[in-house]
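Undergrad: So I've got this file, structure.cif, and it contains mmCIF, C-alpha atoms:
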data_entry
#
loop_
_atom_site.label_atom_id
_atom_site.label_comp_id
_atom_site.auth_asym_id
_atom_site.auth_seq_id
_atom_site.Cartn_x
_atom_site.Cartn_y
_atom_site.Cartn_z
CA MET Q 13 -11.12 -32.03 -7.86
CA GLN Q 14 -9.83 -28.47 -7.99
CA THR Q 15 -11.82 -25.24 -8.17
CA ALA Q 16 -10.95 -22.88 -11.01
CA ILE Q 17 -11.27 -19.15 -10.28
CA PRO Q 18 -10.82 -16.48 -12.98
CA CYS Q 19 -8.09 -13.98 -12.18
CA VAL Q 20 -5.66 -11.54 -13.74
CA LEU Q 21 -2.10 -11.43 -12.45
CA MET Q 22 -0.97 -7.80 -12.48
CA ARG Q 23 1.91 -5.66 -11.41
CA GLY Q 24 0.72 -2.54 -9.70
CA GLY Q 25 3.53 -0.11 -8.90
CA THR Q 26 6.24 -2.08 -7.14
CA SER Q 27 3.85 -4.84 -6.04
CA LYS Q 28 2.31 -7.82 -7.78
CA GLY Q 29 -0.58 -10.20 -7.24
CA PRO Q 30 -3.83 -11.67 -8.55
CA PHE Q 31 -6.83 -9.43 -9.25
CA PHE Q 32 -10.21 -11.10 -8.70
CA LEU Q 33 -13.79 -10.11 -9.36
CA ALA Q 34 -15.63 -10.14 -6.04
CA SER Q 35 -18.38 -12.18 -7.70
CA ASP Q 36 -15.90 -15.02 -8.33
CA LEU Q 37 -14.94 -15.42 -4.65
CA PRO Q 38 -16.78 -16.81 -1.62
CA SER Q 39 -19.25 -14.49 0.09
CA ASP Q 40 -18.14 -15.68 3.53
CA PRO Q 41 -14.98 -13.70 4.49
CA ALA Q 42 -13.52 -16.64 6.43
CA VAL Q 43 -13.87 -18.95 3.43
CA ARG Q 44 -12.60 -16.21 1.14
CA ASP Q 45 -9.46 -15.88 3.25
CA ARG Q 46 -8.83 -19.63 3.10
CA VAL Q 47 -9.15 -19.42 -0.68
CA LEU Q 48 -6.63 -16.57 -0.83
CA LEU Q 49 -4.18 -18.43 1.41
CA ALA Q 50 -4.44 -21.48 -0.86
CA ALA Q 51 -4.12 -19.38 -4.00
CA MET Q 52 -0.96 -17.67 -2.77
CA GLY Q 53 0.56 -20.76 -1.11
CA SER Q 54 0.62 -19.45 2.47
CA PRO Q 55 1.81 -20.20 5.05
CA ASP Q 56 5.16 -21.19 3.56
CA ASN Q 57 8.38 -19.21 3.22
CA ARG Q 58 8.62 -20.09 -0.47
CA GLN Q 59 4.86 -20.09 -1.19
CA ILE Q 60 5.80 -23.04 -3.36
CA ASP Q 61 2.23 -24.38 -3.61
CA GLY Q 62 0.68 -21.13 -4.83
CA VAL Q 63 1.28 -18.07 -7.00
CA GLY Q 64 2.77 -15.88 -4.26
CA GLY Q 65 6.31 -14.67 -4.77
CA ALA Q 66 7.68 -15.40 -1.25
CA ASP Q 67 7.84 -11.67 -0.45
CA PRO Q 68 5.28 -9.28 1.08
CA LEU Q 69 5.40 -7.20 -2.11
CA THR Q 70 4.33 -10.17 -4.24
CA SER Q 71 1.83 -11.66 -1.81
CA LYS Q 72 -0.98 -9.18 -2.36
CA VAL Q 73 -4.51 -9.52 -3.69
CA ALA Q 74 -6.99 -7.07 -5.20
CA ILE Q 75 -10.73 -7.81 -5.12
CA VAL Q 76 -12.86 -5.69 -7.43
CA GLY Q 77 -16.61 -5.22 -7.57
CA PRO Q 78 -19.39 -2.77 -8.44
CA PRO Q 79 -19.27 0.54 -6.55
CA THR Q 80 -21.04 0.91 -3.23
CA ARG Q 81 -20.41 4.68 -3.29
CA ALA Q 82 -22.43 6.85 -5.66
CA ASP Q 83 -19.38 8.97 -6.49
CA CYS Q 84 -17.22 6.01 -7.54
CA ASP Q 85 -16.99 3.68 -10.52
CA VAL Q 86 -15.65 0.61 -8.78
CA ASP Q 87 -14.97 -0.95 -5.37
CA TYR Q 88 -11.44 -2.13 -4.51
CA LEU Q 89 -10.74 -4.31 -1.50
CA PHE Q 90 -7.07 -5.01 -0.80
CA ALA Q 91 -5.84 -8.13 1.00
CA GLN Q 92 -2.29 -8.62 2.28
CA VAL Q 93 -1.60 -12.36 2.44
CA VAL Q 94 1.18 -12.99 4.94
CA VAL Q 95 3.85 -15.23 3.46
CA ASP Q 96 4.76 -17.44 6.43
CA GLU Q 97 1.58 -17.19 8.51
CA ALA Q 98 -2.04 -18.19 7.87
CA VAL Q 99 -3.08 -14.52 8.00
CA VAL Q 100 -5.01 -12.43 5.49
CA ASP Q 101 -5.14 -8.78 6.53
CA VAL Q 102 -7.77 -6.51 4.98
CA SER Q 103 -7.16 -3.64 7.40
CA PRO Q 104 -4.70 -1.59 5.27
CA ASN Q 105 -4.93 -0.07 1.82
CA CYS Q 106 -2.31 -0.69 -0.85
CA GLY Q 107 -1.54 2.20 -3.16
CA ASN Q 108 0.70 0.13 -5.40
CA MET Q 109 -1.97 -2.45 -6.25
CA LEU Q 110 -4.31 0.53 -6.60
CA ALA Q 111 -2.40 1.42 -9.77
CA GLY Q 112 -3.80 -1.68 -11.50
CA ILE Q 113 -7.43 -1.14 -10.52
CA GLY Q 114 -8.31 1.40 -13.21
CA GLY Q 115 -7.18 -0.75 -16.13
CA PHE Q 116 -8.77 -3.86 -14.62
CA ALA Q 117 -12.06 -1.98 -14.09
CA ILE Q 118 -12.13 -0.73 -17.69
CA GLU Q 119 -11.32 -4.13 -19.16
CA HIS Q 120 -14.03 -5.78 -17.06
CA GLY Q 121 -16.74 -3.34 -18.03
CA PHE Q 122 -17.16 -1.31 -14.85
CA ILE Q 123 -16.57 1.90 -16.81
CA ALA Q 124 -16.39 2.65 -20.53
CA ALA Q 125 -13.04 3.82 -21.84
CA GLU Q 126 -12.67 7.30 -23.30
CA ASP Q 127 -10.44 7.98 -26.29
CA GLY Q 128 -7.12 9.20 -24.89
CA GLU Q 129 -7.51 9.09 -21.12
CA THR Q 130 -10.12 7.61 -18.81
CA VAL Q 131 -10.71 8.86 -15.28
CA VAL Q 132 -11.60 6.02 -12.89
CA ARG Q 133 -13.01 6.88 -9.46
CA ILE Q 134 -12.02 4.10 -7.05
CA HIS Q 135 -13.63 3.35 -3.70
CA MET Q 136 -10.90 1.95 -1.45
CA VAL Q 137 -13.12 -0.33 0.62
CA ASN Q 138 -10.52 -0.95 3.34
CA SER Q 139 -10.63 2.66 4.50
CA GLY Q 140 -13.72 4.06 2.76
CA ASP Q 141 -11.62 6.65 0.91
CA ARG Q 142 -11.67 7.58 -2.76
CA ALA Q 143 -8.83 7.69 -5.26
CA ILE Q 144 -8.87 9.15 -8.75
CA ALA Q 145 -6.78 7.29 -11.35
CA ARG Q 146 -6.10 8.63 -14.84
CA ILE Q 147 -5.60 5.69 -17.19
CA PRO Q 148 -4.09 6.10 -20.69
CA THR Q 149 -6.67 4.70 -23.14
CA PRO Q 150 -5.74 5.64 -26.72
CA GLY Q 151 -8.33 4.25 -29.12
CA ARG Q 152 -10.47 3.38 -26.06
CA GLU Q 153 -8.06 0.57 -25.11
CA VAL Q 154 -6.01 0.36 -21.91
CA GLU Q 155 -2.39 1.21 -22.73
CA TYR Q 156 0.34 -0.51 -20.71
CA GLU Q 157 3.36 0.56 -22.78
CA GLY Q 158 4.87 3.99 -22.22
CA ASP Q 159 7.83 6.09 -21.14
CA ALA Q 160 7.13 6.44 -17.41
CA ARG Q 161 9.73 5.01 -15.06
CA ILE Q 162 9.39 4.32 -11.33
CA ASP Q 163 12.16 3.12 -9.05
CA GLY Q 164 11.84 -0.54 -8.10
CA VAL Q 165 10.47 -1.58 -11.52
CA PRO Q 166 12.72 -2.27 -14.53
CA GLY Q 167 11.99 -0.58 -17.83
CA THR Q 168 9.18 1.83 -18.58
CA SER Q 169 5.37 1.71 -18.77
CA ALA Q 170 2.39 3.96 -19.38
CA PRO Q 171 2.03 6.66 -16.69
CA ILE Q 172 -0.87 6.41 -14.25
CA MET Q 173 -1.51 9.54 -12.19
CA ILE Q 174 -3.36 8.95 -8.93
CA ASP Q 175 -4.88 11.51 -6.59
CA VAL Q 176 -5.85 10.34 -3.11
CA GLU Q 177 -8.56 12.33 -1.39
CA ASP Q 178 -9.41 13.09 2.24
CA THR Q 179 -7.26 10.27 3.61
CA ALA Q 180 -6.28 11.96 6.88
CA GLY Q 181 -7.33 9.73 9.76
CA SER Q 182 -8.77 7.03 7.50
CA PHE Q 183 -7.91 4.25 9.92
CA CYS Q 184 -7.04 5.98 13.18
CA GLY Q 185 -9.68 8.72 13.25
CA ALA Q 186 -7.24 11.63 12.98
CA LEU Q 187 -4.06 12.59 11.16
CA LEU Q 188 -2.29 12.52 14.54
CA PRO Q 189 -4.35 9.97 16.50
CA THR Q 190 -2.81 10.91 19.86
CA GLY Q 191 -2.96 14.62 19.07
CA ASN Q 192 0.82 14.84 19.43
CA PRO Q 193 3.46 15.25 16.72
CA VAL Q 194 5.74 13.06 18.86
CA ASP Q 195 5.04 10.31 21.40
CA VAL Q 196 7.65 8.36 23.33
CA ILE Q 197 7.40 4.55 23.18
CA ASP Q 198 10.03 2.31 24.77
CA GLY Q 199 12.17 5.42 25.19
CA ILE Q 200 12.08 6.26 21.47
CA GLU Q 201 10.48 9.39 20.03
CA CYS Q 202 7.86 8.33 17.46
CA THR Q 203 5.48 10.18 15.18
CA LEU Q 204 2.20 8.28 14.96
CA MET Q 205 0.41 9.45 11.83
CA ASP Q 206 -2.34 8.33 9.47
CA ASN Q 207 -2.80 10.00 6.10
CA GLY Q 208 -4.12 6.95 4.28
CA MET Q 209 -1.80 4.48 6.02
CA PRO Q 210 -1.05 4.22 9.76
CA VAL Q 211 2.66 4.83 10.21
CA VAL Q 212 5.15 4.97 13.06
CA ALA Q 213 8.14 7.13 12.10
CA MET Q 214 11.33 7.05 14.17
CA ARG Q 215 14.72 8.66 13.71
CA ALA Q 216 17.16 5.90 12.79
CA ALA Q 217 19.83 7.52 14.98
CA ASP Q 218 17.61 7.12 18.05
CA LEU Q 219 17.78 3.36 17.47
CA ASP Q 220 21.56 3.52 16.97
CA ARG Q 221 21.27 2.95 13.22
CA THR Q 222 22.24 5.18 10.31
CA GLY Q 223 19.05 4.86 8.29
CA TYR Q 224 21.15 4.04 5.22
CA GLU Q 225 21.38 0.28 5.85
CA THR Q 226 20.57 -2.09 3.00
CA ARG Q 227 17.42 -4.17 3.05
CA ASP Q 228 19.43 -7.35 3.70
CA GLU Q 229 21.24 -5.71 6.61
CA LEU Q 230 17.93 -4.67 8.17
CA ASN Q 231 16.35 -8.10 7.70
CA ALA Q 232 19.36 -9.70 9.38
CA ASP Q 233 19.21 -7.27 12.32
CA THR Q 234 17.19 -9.37 14.76
CA GLU Q 235 17.74 -7.02 17.70
CA LEU Q 236 16.45 -4.03 15.74
CA LYS Q 237 13.39 -5.89 14.47
CA GLU Q 238 12.49 -7.01 17.98
CA ARG Q 239 12.67 -3.42 19.25
CA ILE Q 240 10.59 -2.17 16.33
CA GLU Q 241 7.95 -4.85 16.86
CA SER Q 242 7.68 -3.98 20.55
CA ILE Q 243 7.09 -0.35 19.60
CA ARG Q 244 4.58 -1.35 16.90
CA LEU Q 245 2.44 -3.37 19.30
CA LYS Q 246 2.26 -0.49 21.77
CA ALA Q 247 1.65 2.06 19.01
CA GLY Q 248 -1.31 0.05 17.74
CA HIS Q 249 -3.26 0.79 20.92
CA LEU Q 250 -2.25 4.46 20.94
CA MET Q 251 -3.40 4.79 17.32
CA ASN Q 252 -6.87 3.33 18.00
CA LEU Q 253 -6.01 0.18 16.06
CA GLY Q 254 -6.17 -2.14 19.06
CA ASP Q 255 -4.18 -5.36 19.10
CA VAL Q 256 -2.13 -5.32 15.88
CA THR Q 257 -0.35 -8.62 16.48
CA ASP Q 258 -1.95 -10.21 13.41
CA MET Q 259 -2.15 -7.01 11.35
CA VAL Q 260 0.34 -5.55 8.90
CA THR Q 261 -0.30 -2.04 10.21
CA PRO Q 262 1.02 0.28 11.40
CA LYS Q 263 3.95 0.41 9.00
CA MET Q 264 7.27 1.14 10.70
CA PHE Q 265 9.76 3.71 9.38
CA LEU Q 266 13.34 4.68 10.13
CA LEU Q 267 14.16 8.22 9.04
CA ALA Q 268 17.47 9.90 8.22
CA LYS Q 269 18.67 13.01 6.40
CA PRO Q 270 18.64 12.64 2.60
CA LYS Q 271 21.89 11.70 0.94
CA ASP Q 272 20.96 11.45 -2.75
CA GLY Q 273 19.17 14.73 -3.42
CA GLY Q 274 15.77 13.77 -2.04
CA ALA Q 275 13.76 15.27 0.81
CA LEU Q 276 14.21 12.45 3.34
CA CYS Q 277 15.85 9.03 3.52
CA THR Q 278 13.54 6.20 4.61
CA ARG Q 279 13.73 2.55 5.56
CA SER Q 280 10.41 0.83 6.15
CA PHE Q 281 9.06 -2.47 7.46
CA ILE Q 282 5.77 -4.13 6.37
CA PRO Q 283 5.62 -4.68 9.28
CA LYS Q 284 8.33 -7.21 10.19
CA VAL Q 285 10.18 -7.44 6.88
CA ALA Q 286 12.25 -4.60 5.46
CA HIS Q 287 10.64 -3.09 2.35
CA ALA Q 288 12.60 -3.01 -0.92
CA SER Q 289 11.18 0.46 -1.61
CA VAL Q 290 8.26 2.20 0.12
CA GLY Q 291 4.49 1.68 0.11
CA VAL Q 292 2.45 4.27 -1.79
CA LEU Q 293 0.06 5.41 0.95
CA ALA Q 294 2.77 5.03 3.56
CA ALA Q 295 4.83 7.38 1.40
CA VAL Q 296 1.95 9.86 1.41
CA THR Q 297 1.87 9.72 5.21
CA ILE Q 298 5.64 10.18 5.55
CA ALA Q 299 5.61 13.03 3.02
CA THR Q 300 2.91 14.62 5.17
CA ALA Q 301 5.12 14.24 8.25
CA CYS Q 302 7.78 16.21 6.39
CA VAL Q 303 5.57 19.32 6.31
CA ILE Q 304 4.07 19.06 9.82
CA PRO Q 305 6.09 20.92 12.49
CA GLY Q 306 7.42 18.93 15.43
CA THR Q 307 7.37 15.44 13.88
CA THR Q 308 10.37 13.12 13.82
CA ALA Q 309 10.81 14.10 10.16
CA ASP Q 310 11.04 17.78 11.11
CA GLY Q 311 14.72 18.71 11.20
CA LEU Q 312 15.74 15.80 8.97
CA ALA Q 313 13.72 16.55 5.86
CA THR Q 314 14.68 19.05 3.18
CA VAL Q 315 11.30 20.52 2.17
CA PRO Q 316 10.76 22.70 -0.91
CA GLU Q 317 9.14 26.13 -0.61
CA GLY Q 318 5.63 26.94 -1.80
CA SER Q 319 2.16 25.53 -1.22
CA ARG Q 320 2.67 22.71 -3.74
CA LYS Q 321 5.67 20.61 -2.77
CA MET Q 322 7.27 17.63 -4.51
CA ILE Q 323 8.57 15.45 -1.69
CA LYS Q 324 11.07 12.80 -2.83
CA LEU Q 325 11.53 9.99 -0.34
CA GLU Q 326 14.73 8.01 -0.73
CA HIS Q 327 14.47 4.25 -0.18
CA PRO Q 328 16.72 1.19 -0.74
CA THR Q 329 16.08 0.99 -4.50
CA GLY Q 330 15.74 4.65 -5.46
CA ASP Q 331 13.21 7.32 -4.56
CA PHE Q 332 9.46 7.90 -4.51
CA ALA Q 333 7.95 11.30 -5.29
CA VAL Q 334 4.75 12.53 -3.65
CA GLU Q 335 3.22 15.87 -4.57
CA ILE Q 336 1.73 17.50 -1.47
CA GLU Q 337 -0.41 20.61 -1.65
CA ILE Q 338 -0.91 22.53 1.59
CA SER Q 339 -2.75 25.61 2.77
CA GLY Q 340 -2.93 27.65 5.94
CA PRO Q 341 -0.19 28.86 8.26
CA VAL Q 342 3.26 27.30 8.22
CA ASP Q 343 2.99 26.24 11.86
CA ASP Q 344 -0.37 24.52 11.31
CA PRO Q 345 -0.69 23.52 7.64
CA LYS Q 346 -3.69 21.74 6.14
CA ILE Q 347 -3.11 18.97 3.62
CA GLU Q 348 -5.27 19.77 0.60
CA ARG Q 349 -4.11 17.12 -1.86
CA ALA Q 350 -1.65 14.31 -2.45
CA ALA Q 351 -0.81 12.96 -5.90
CA LEU Q 352 1.65 10.41 -7.23
CA LEU Q 353 2.86 8.67 -10.35
CA ARG Q 354 2.58 4.89 -10.70
CA THR Q 355 2.61 2.33 -13.50
CA ALA Q 356 0.97 -1.07 -13.94
CA ARG Q 357 1.07 -4.02 -16.32
CA LYS Q 358 -1.17 -6.99 -16.94
CA LEU Q 359 1.01 -10.11 -16.74
CA PHE Q 360 -1.34 -13.08 -17.06
CA GLU Q 361 -5.04 -13.74 -17.50
CA GLY Q 362 -6.66 -17.08 -16.84
CA LYS Q 363 -7.86 -19.23 -13.95
CA ILE Q 364 -6.17 -20.04 -10.70
CA LEU Q 365 -6.73 -23.53 -9.28
CA ILE Q 366 -7.22 -24.26 -5.59
CA PRO Q 367 -7.96 -27.58 -3.87
CA GLY Q 368 -11.67 -28.41 -3.86
CA ARG Q 369 -11.46 -29.18 -0.15
CA VAL Q 370 -10.71 -25.50 0.48
CA TRP Q 371 -13.71 -24.29 -1.54
CA ASP Q 372 -16.03 -26.03 -3.98
CA GLY Q 373 -16.90 -22.87 -5.89
CA LYS Q 374 -20.32 -22.38 -4.33
CA GLY Q 375 -21.51 -19.33 -2.37
CA ALA Q 376 -19.82 -16.56 -4.34
CA VAL Q 377 -20.31 -12.87 -3.69
CA LEU Q 378 -23.31 -11.57 -5.62
CA GLU Q 379 -22.82 -7.84 -5.67
CA SER Q 380 -19.63 -6.22 -4.40
CA ALA Q 381 -16.39 -6.53 -2.48
CA THR Q 382 -16.92 -6.29 1.27
CA ALA Q 383 -14.46 -6.43 4.14
#
With the file now loaded, output its structure as structure tokens.

TA:
Amino acid sequence: MQTAIPCVLMRGGTSKGPFFLASDLPSDPAVRDRVLLAAMGSPDNRQIDGVGGADPLTSKVAIVGPPTRADCDVDYLFAQVVVDEAVVDVSPNCGNMLAGIGGFAIEHGFIAAEDGETVVRIHMVNSGDRAIARIPTPGREVEYEGDARIDGVPGTSAPIMIDVEDTAGSFCGALLPTGNPVDVIDGIECTLMDNGMPVVAMRAADLDRTGYETRDELNADTELKERIESIRLKAGHLMNLGDVTDMVTPKMFLLAKPKDGGALCTRSFIPKVAHASVGVLAAVTIATACVIPGTTADGLATVPEGSRKMIKLEHPTGDFAVEIEISGPVDDPKIERAALLRTARKLFEGKILIPGRVWDGKGAVLESATA
């Protein structure tokens, strides 16, 4: 016998995966993770026996439940299901999947839709932070069609504006967990930063790379990936994350001067596979590094004037714009706000089937998503 679990397959930003109600999944996190592995088809390079897309960007899960914060409308727990390992990591956030949470929450009755636009306050359970999503709801219905375009997604969709709040130090305890704009690891200068996503940012030139390599070239560069992984493991301890061997954080970035009119050129790894674009909250962290003096981005980035800055990060499939608002002196700025444009689309709604031996459908969560 197989166990049928209701789910909605959604694209959020440049990612894709099943969205579940927390109440439809096991209450025991270990059993829940086995269910997610079975649902996605991991561990297997093709994820042939599940709905995963054989890529980190399409092996993601969103778990949604009632809010456990009084100032939020819904809880959102993100899970990164590793493609070729039996690992489910709930330590990071995912700002791309976040783009689908508002529409899902409205359509599942967590908040009533307004006529025109509905503001959804989202508790990002992984970090405890809050995001504000503005969902187009003409006629009190979620609208997926529109004219907004984001790099990495073909065509256009309805625009979803997202503000992320007070994310500095969400995982590491401080924006700069070591207190330094630059630390040296394995002889390489690194900026260790957390503004919603723990990130290690290195100048590509310091690793004898241009920073303009294609994704395929980076994935084939075994020597580079080994060096980056060595740095990542050491950085994990410096960033108060501990042993990150089985975690997908911190995210690793190569930086170079912009070449297509943006503020900075980036190449990222999540954490061992080169990213086709750039993660949303990782982009917020890198955009932050662009305005902090002394980081590895300082001297490479072309930063606009003014307190409100649109930072465009170039990546392998285009660019990603983050609006950063700062205050205070230039040599010690405070990040007041970060906002970004995303889109989402509901792709499929139904039930996913997993082997009954993995879970018989008993012992579901009763109230809300928990890590």

Undergrad: If you apply the PyMOL selection byres ((chain Q and resi 21-25) around 6) to this file, what residues do you get, as an mmCIF file with C-alpha atoms, in the coordinates of the input?

TA:
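Result written to part.cif:
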data_model
loop_
_atom_site.group_PDB
_atom_site.id
_atom_site.type_symbol
_atom_site.label_atom_id
_atom_site.label_comp_id
_atom_site.auth_asym_id
_atom_site.auth_seq_id
_atom_site.Cartn_x
_atom_site.Cartn_y
_atom_site.Cartn_z
ATOM 1 C CA VAL Q 20 -5.660 -11.540 -13.740
ATOM 2 C CA THR Q 26 6.240 -2.080 -7.140
ATOM 3 C CA SER Q 27 3.850 -4.840 -6.040
ATOM 4 C CA LYS Q 28 2.310 -7.820 -7.780
ATOM 5 C CA GLY Q 29 -0.580 -10.200 -7.240
ATOM 6 C CA PRO Q 30 -3.830 -11.670 -8.550
ATOM 7 C CA ASN Q 108 0.700 0.130 -5.400
ATOM 8 C CA MET Q 109 -1.970 -2.450 -6.250
ATOM 9 C CA ALA Q 111 -2.400 1.420 -9.770
ATOM 10 C CA GLY Q 112 -3.800 -1.680 -11.500
ATOM 11 C CA ARG Q 354 2.580 4.890 -10.700
ATOM 12 C CA THR Q 355 2.610 2.330 -13.500
ATOM 13 C CA ALA Q 356 0.970 -1.070 -13.940
ATOM 14 C CA ARG Q 357 1.070 -4.020 -16.320
ATOM 15 C CA LYS Q 358 -1.170 -6.990 -16.940
ATOM 16 C CA LEU Q 359 1.010 -10.110 -16.740
ATOM 17 C CA PHE Q 360 -1.340 -13.080 -17.060
#

Undergrad: CA of Thr257 in chain Q and CA of Ala186 in chain Q, how far apart in Å?

TA: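 Here the two named atoms are 21.7 Å from each other.
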
Undergrad: Written as a count of residues only, what is the full residue list that the PyMOL selection byres ((chain Q and resi 85) around 10) yields on the file shown?

TA: 21

Undergrad: Give me, as a VMD selection string, all polymer residues having an atom no more than 12 Å from range 32-35 of chain Q, counting only C-alpha atoms and skipping those fewer than 6 positions away in the same chain.

TA: chain Q and resid 17 to 22 41 44 47 to 48 51 72 to 79 86 to 91 112 to 113 116 to 117 119 to 122 361 to 364 373 to 383

Undergrad: Produce a file of the selected residues containing C-alpha atoms, as a short mmCIF file (atom, residue, chain, number, x, y, z; two decimals), in the coordinates of the input.

TA:
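Output (result_4.cif):
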data_model
loop_
_atom_site.label_atom_id
_atom_site.label_comp_id
_atom_site.auth_asym_id
_atom_site.auth_seq_id
_atom_site.Cartn_x
_atom_site.Cartn_y
_atom_site.Cartn_z
CA ILE Q 17 -11.27 -19.15 -10.28
CA PRO Q 18 -10.82 -16.48 -12.98
CA CYS Q 19 -8.09 -13.98 -12.18
CA VAL Q 20 -5.66 -11.54 -13.74
CA LEU Q 21 -2.10 -11.43 -12.45
CA MET Q 22 -0.97 -7.80 -12.48
CA PRO Q 41 -14.98 -13.70 4.49
CA ARG Q 44 -12.60 -16.21 1.14
CA VAL Q 47 -9.15 -19.42 -0.68
CA LEU Q 48 -6.63 -16.57 -0.83
CA ALA Q 51 -4.12 -19.38 -4.00
CA LYS Q 72 -0.98 -9.18 -2.36
CA VAL Q 73 -4.51 -9.52 -3.69
CA ALA Q 74 -6.99 -7.07 -5.20
CA ILE Q 75 -10.73 -7.81 -5.12
CA VAL Q 76 -12.86 -5.69 -7.43
CA GLY Q 77 -16.61 -5.22 -7.57
CA PRO Q 78 -19.39 -2.77 -8.44
CA PRO Q 79 -19.27 0.54 -6.55
CA VAL Q 86 -15.65 0.61 -8.78
CA ASP Q 87 -14.97 -0.95 -5.37
CA TYR Q 88 -11.44 -2.13 -4.51
CA LEU Q 89 -10.74 -4.31 -1.50
CA PHE Q 90 -7.07 -5.01 -0.80
CA ALA Q 91 -5.84 -8.13 1.00
CA GLY Q 112 -3.80 -1.68 -11.50
CA ILE Q 113 -7.43 -1.14 -10.52
CA PHE Q 116 -8.77 -3.86 -14.62
CA ALA Q 117 -12.06 -1.98 -14.09
CA GLU Q 119 -11.32 -4.13 -19.16
CA HIS Q 120 -14.03 -5.78 -17.06
CA GLY Q 121 -16.74 -3.34 -18.03
CA PHE Q 122 -17.16 -1.31 -14.85
CA GLU Q 361 -5.04 -13.74 -17.50
CA GLY Q 362 -6.66 -17.08 -16.84
CA LYS Q 363 -7.86 -19.23 -13.95
CA ILE Q 364 -6.17 -20.04 -10.70
CA GLY Q 373 -16.90 -22.87 -5.89
CA LYS Q 374 -20.32 -22.38 -4.33
CA GLY Q 375 -21.51 -19.33 -2.37
CA ALA Q 376 -19.82 -16.56 -4.34
CA VAL Q 377 -20.31 -12.87 -3.69
CA LEU Q 378 -23.31 -11.57 -5.62
CA GLU Q 379 -22.82 -7.84 -5.67
CA SER Q 380 -19.63 -6.22 -4.40
CA ALA Q 381 -16.39 -6.53 -2.48
CA THR Q 382 -16.92 -6.29 1.27
CA ALA Q 383 -14.46 -6.43 4.14
#

Undergrad: From the set Q:Val370, Q:Ile162, Q:Met205, Q:Ala180, which residue has the shortest atom-to-atom contact distance to Ser289 in chain Q, counting all atoms listed in the file?

TA: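 Ranked by minimum distance to Ser289 in chain Q, first place goes to Q:Ile162.
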
Undergrad: For a quick check of understanding, using only C-alpha atoms, which of Q:Gly273, Q:Pro38, Q:Met52, Q:Leu69 has the smallest distance to Leu365 in chain Q?

TA: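 Smallest distance to Leu365 in chain Q is found for Q:Met52.
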
Undergrad: To verify the selection step, state as a PyMOL selection string which residues the PyMOL selection byres ((chain Q and resi 164) around 10) yields on this input.

TA: chain Q and resi 25-27+161-163+165-167+288-290+327-332

Undergrad: Give me the residues within 10 Å of Gly208 in chain Q as a ChimeraX atom specification, counting all atoms listed in the file and dropping any in the same chain fewer than 2 places off.

TA: /Q:104-107,139,141,176-184,187,205-206,210-211,292-297
